[in-house]
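**Student:** Below: one structure in structure tokens.
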Amino acid sequence: MTHSFVLHIPDAELEPEPLAPEQIVSGTPEVTGKVVWESEDGRQVRGVWQITPGVVTDTEADELFVVISGSATIEVEGGPTLTVGPGDMAVLREGDRTTWTVHETLRKAYAINL
């Protein structure tokens, strides 16, 4: 998008973003998302992301996000365990290896710097 905009996050329509099978630890979590803005050089991305209950692993980018709905526990290898829910803002550092235990379908708005 090249213009300023507003998006009502709870109602945003999201597209499937399949998880790699090796990321799934337990359950049958499904991920959907939507990039709503990306810088011309592709190094900044803003969007909405959602995951259904289950346990998954990931290696993070430099990310700030705000949880809109749902809840999860995010274990950062060698770091803290973060418990997030509606209204919480969290910061993940590039390279963080995480395990997400999603208790209730979680939807977040994010800003990633690559």
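Chain identifiers are assigned as A, B, and so on, following the order in which chains appear in the structure tokens; residues are numbered from 1 within each chain, and ligands are numbered from 1 in order of appearance.
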Let's see if you can do this: from backbone DSSP, list all strand (DSSP E) residues in chain A, as a PyMOL selection string.
**Tutor:** chain A and resi 15-16+24-26+31-38+44-51+54-59+62-76+81-84+89-92+97-113
**Student:** Please, what distance in Å, to one decimal, runs between CA of Thr52 (chain A) and CA of Glu104 (chain A)?
**Tutor:**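 For CA of Thr52 (chain A) relative to CA of Glu104 (chain A), the distance reads 6.7 Å.
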**Student:** Show which residues sit within 9 Å of Lys34 (chain A), as a VMD selection string. Count only C-alpha atoms, and ignore same-chain residues fewer than 3 positions away.
**Tutor:** chain A and resid 12 to 16 46 to 49
**Student:** Extract, using only C-alpha atoms, all DNA, RNA and protein residues at most 10 Å from region 61-73 of chain A, discarding same-chain residues fewer than 5 positions from it, and format them as number ranges by chain.
**Tutor:** A: 9-10, 44-55, 81-114
**Student:** Excluding Glu22 (chain A) and its own-chain neighbours fewer than 5 positions away, which residues fall within 12 Å of it when counting only C-alpha atoms? Please give them as a PDB file with C-alpha atoms, in the first residue's frame.
**Tutor:**
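Listing of part-v8.pdb after writing:
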ATOM      1  CA  VAL A  55       2.650 -26.120  20.181  1.00  0.00           C
ATOM      2  CA  VAL A  56       5.104 -24.878  17.536  1.00  0.00           C
ATOM      3  CA  THR A  57       8.742 -23.795  17.332  1.00  0.00           C
ATOM      4  CA  ASP A  58      10.161 -20.842  15.439  1.00  0.00           C
TER       5      ASP A  58
END
**Student:** Using only C-alpha atoms, which residue out of A:Val76, A:Val31, A:Glu17, A:Glu38 lies closest to Thr59 (chain A)?
**Tutor:** A:Val76
**Student:** Using DSSP on the backbone, list every residue of chain A that comes out as helix (DSSP H, G or I), and give them as a list in words.
**Tutor:**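 Output for chain A, helix (DSSP H, G or I) only: Ile9, Pro10, Asp11, Pro21, Glu22 and Gln23 of chain A.
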**Student:** I need the residues from that last selection saved to file as a PDB file, in the first residue's frame (with N, CA and C atoms), if you can.
**Tutor:**
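So selection-v1.pdb came out as:
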ATOM      1  N   ILE A   9      -8.576  -4.901  12.856  1.00  0.00           N
ATOM      2  CA  ILE A   9      -7.830  -6.159  12.968  1.00  0.00           C
ATOM      3  C   ILE A   9      -8.708  -7.370  13.292  1.00  0.00           C
ATOM      4  N   PRO A  10      -9.678  -7.260  14.221  1.00  0.00           N
ATOM      5  CA  PRO A  10     -10.475  -8.464  14.537  1.00  0.00           C
ATOM      6  C   PRO A  10     -11.217  -9.047  13.341  1.00  0.00           C
ATOM      7  N   ASP A  11     -11.562  -8.196  12.347  1.00  0.00           N
ATOM      8  CA  ASP A  11     -12.336  -8.658  11.194  1.00  0.00           C
ATOM      9  C   ASP A  11     -11.495  -8.866   9.943  1.00  0.00           C
ATOM     10  N   PRO A  21       6.233 -28.884   8.666  1.00  0.00           N
ATOM     11  CA  PRO A  21       5.921 -29.981   9.597  1.00  0.00           C
ATOM     12  C   PRO A  21       6.885 -30.073  10.775  1.00  0.00           C
ATOM     13  N   GLU A  22       8.169 -29.749  10.554  1.00  0.00           N
ATOM     14  CA  GLU A  22       9.142 -29.848  11.646  1.00  0.00           C
ATOM     15  C   GLU A  22       8.938 -28.776  12.716  1.00  0.00           C
ATOM     16  N   GLN A  23       8.114 -27.760  12.436  1.00  0.00           N
ATOM     17  CA  GLN A  23       7.827 -26.733  13.442  1.00  0.00           C
ATOM     18  C   GLN A  23       6.765 -27.182  14.444  1.00  0.00           C
TER      19      GLN A  23
END
**Student:** What is the CA of His8 (chain A) to CA of Gly33 (chain A) distance in Å?
**Tutor:** 14.0 Å
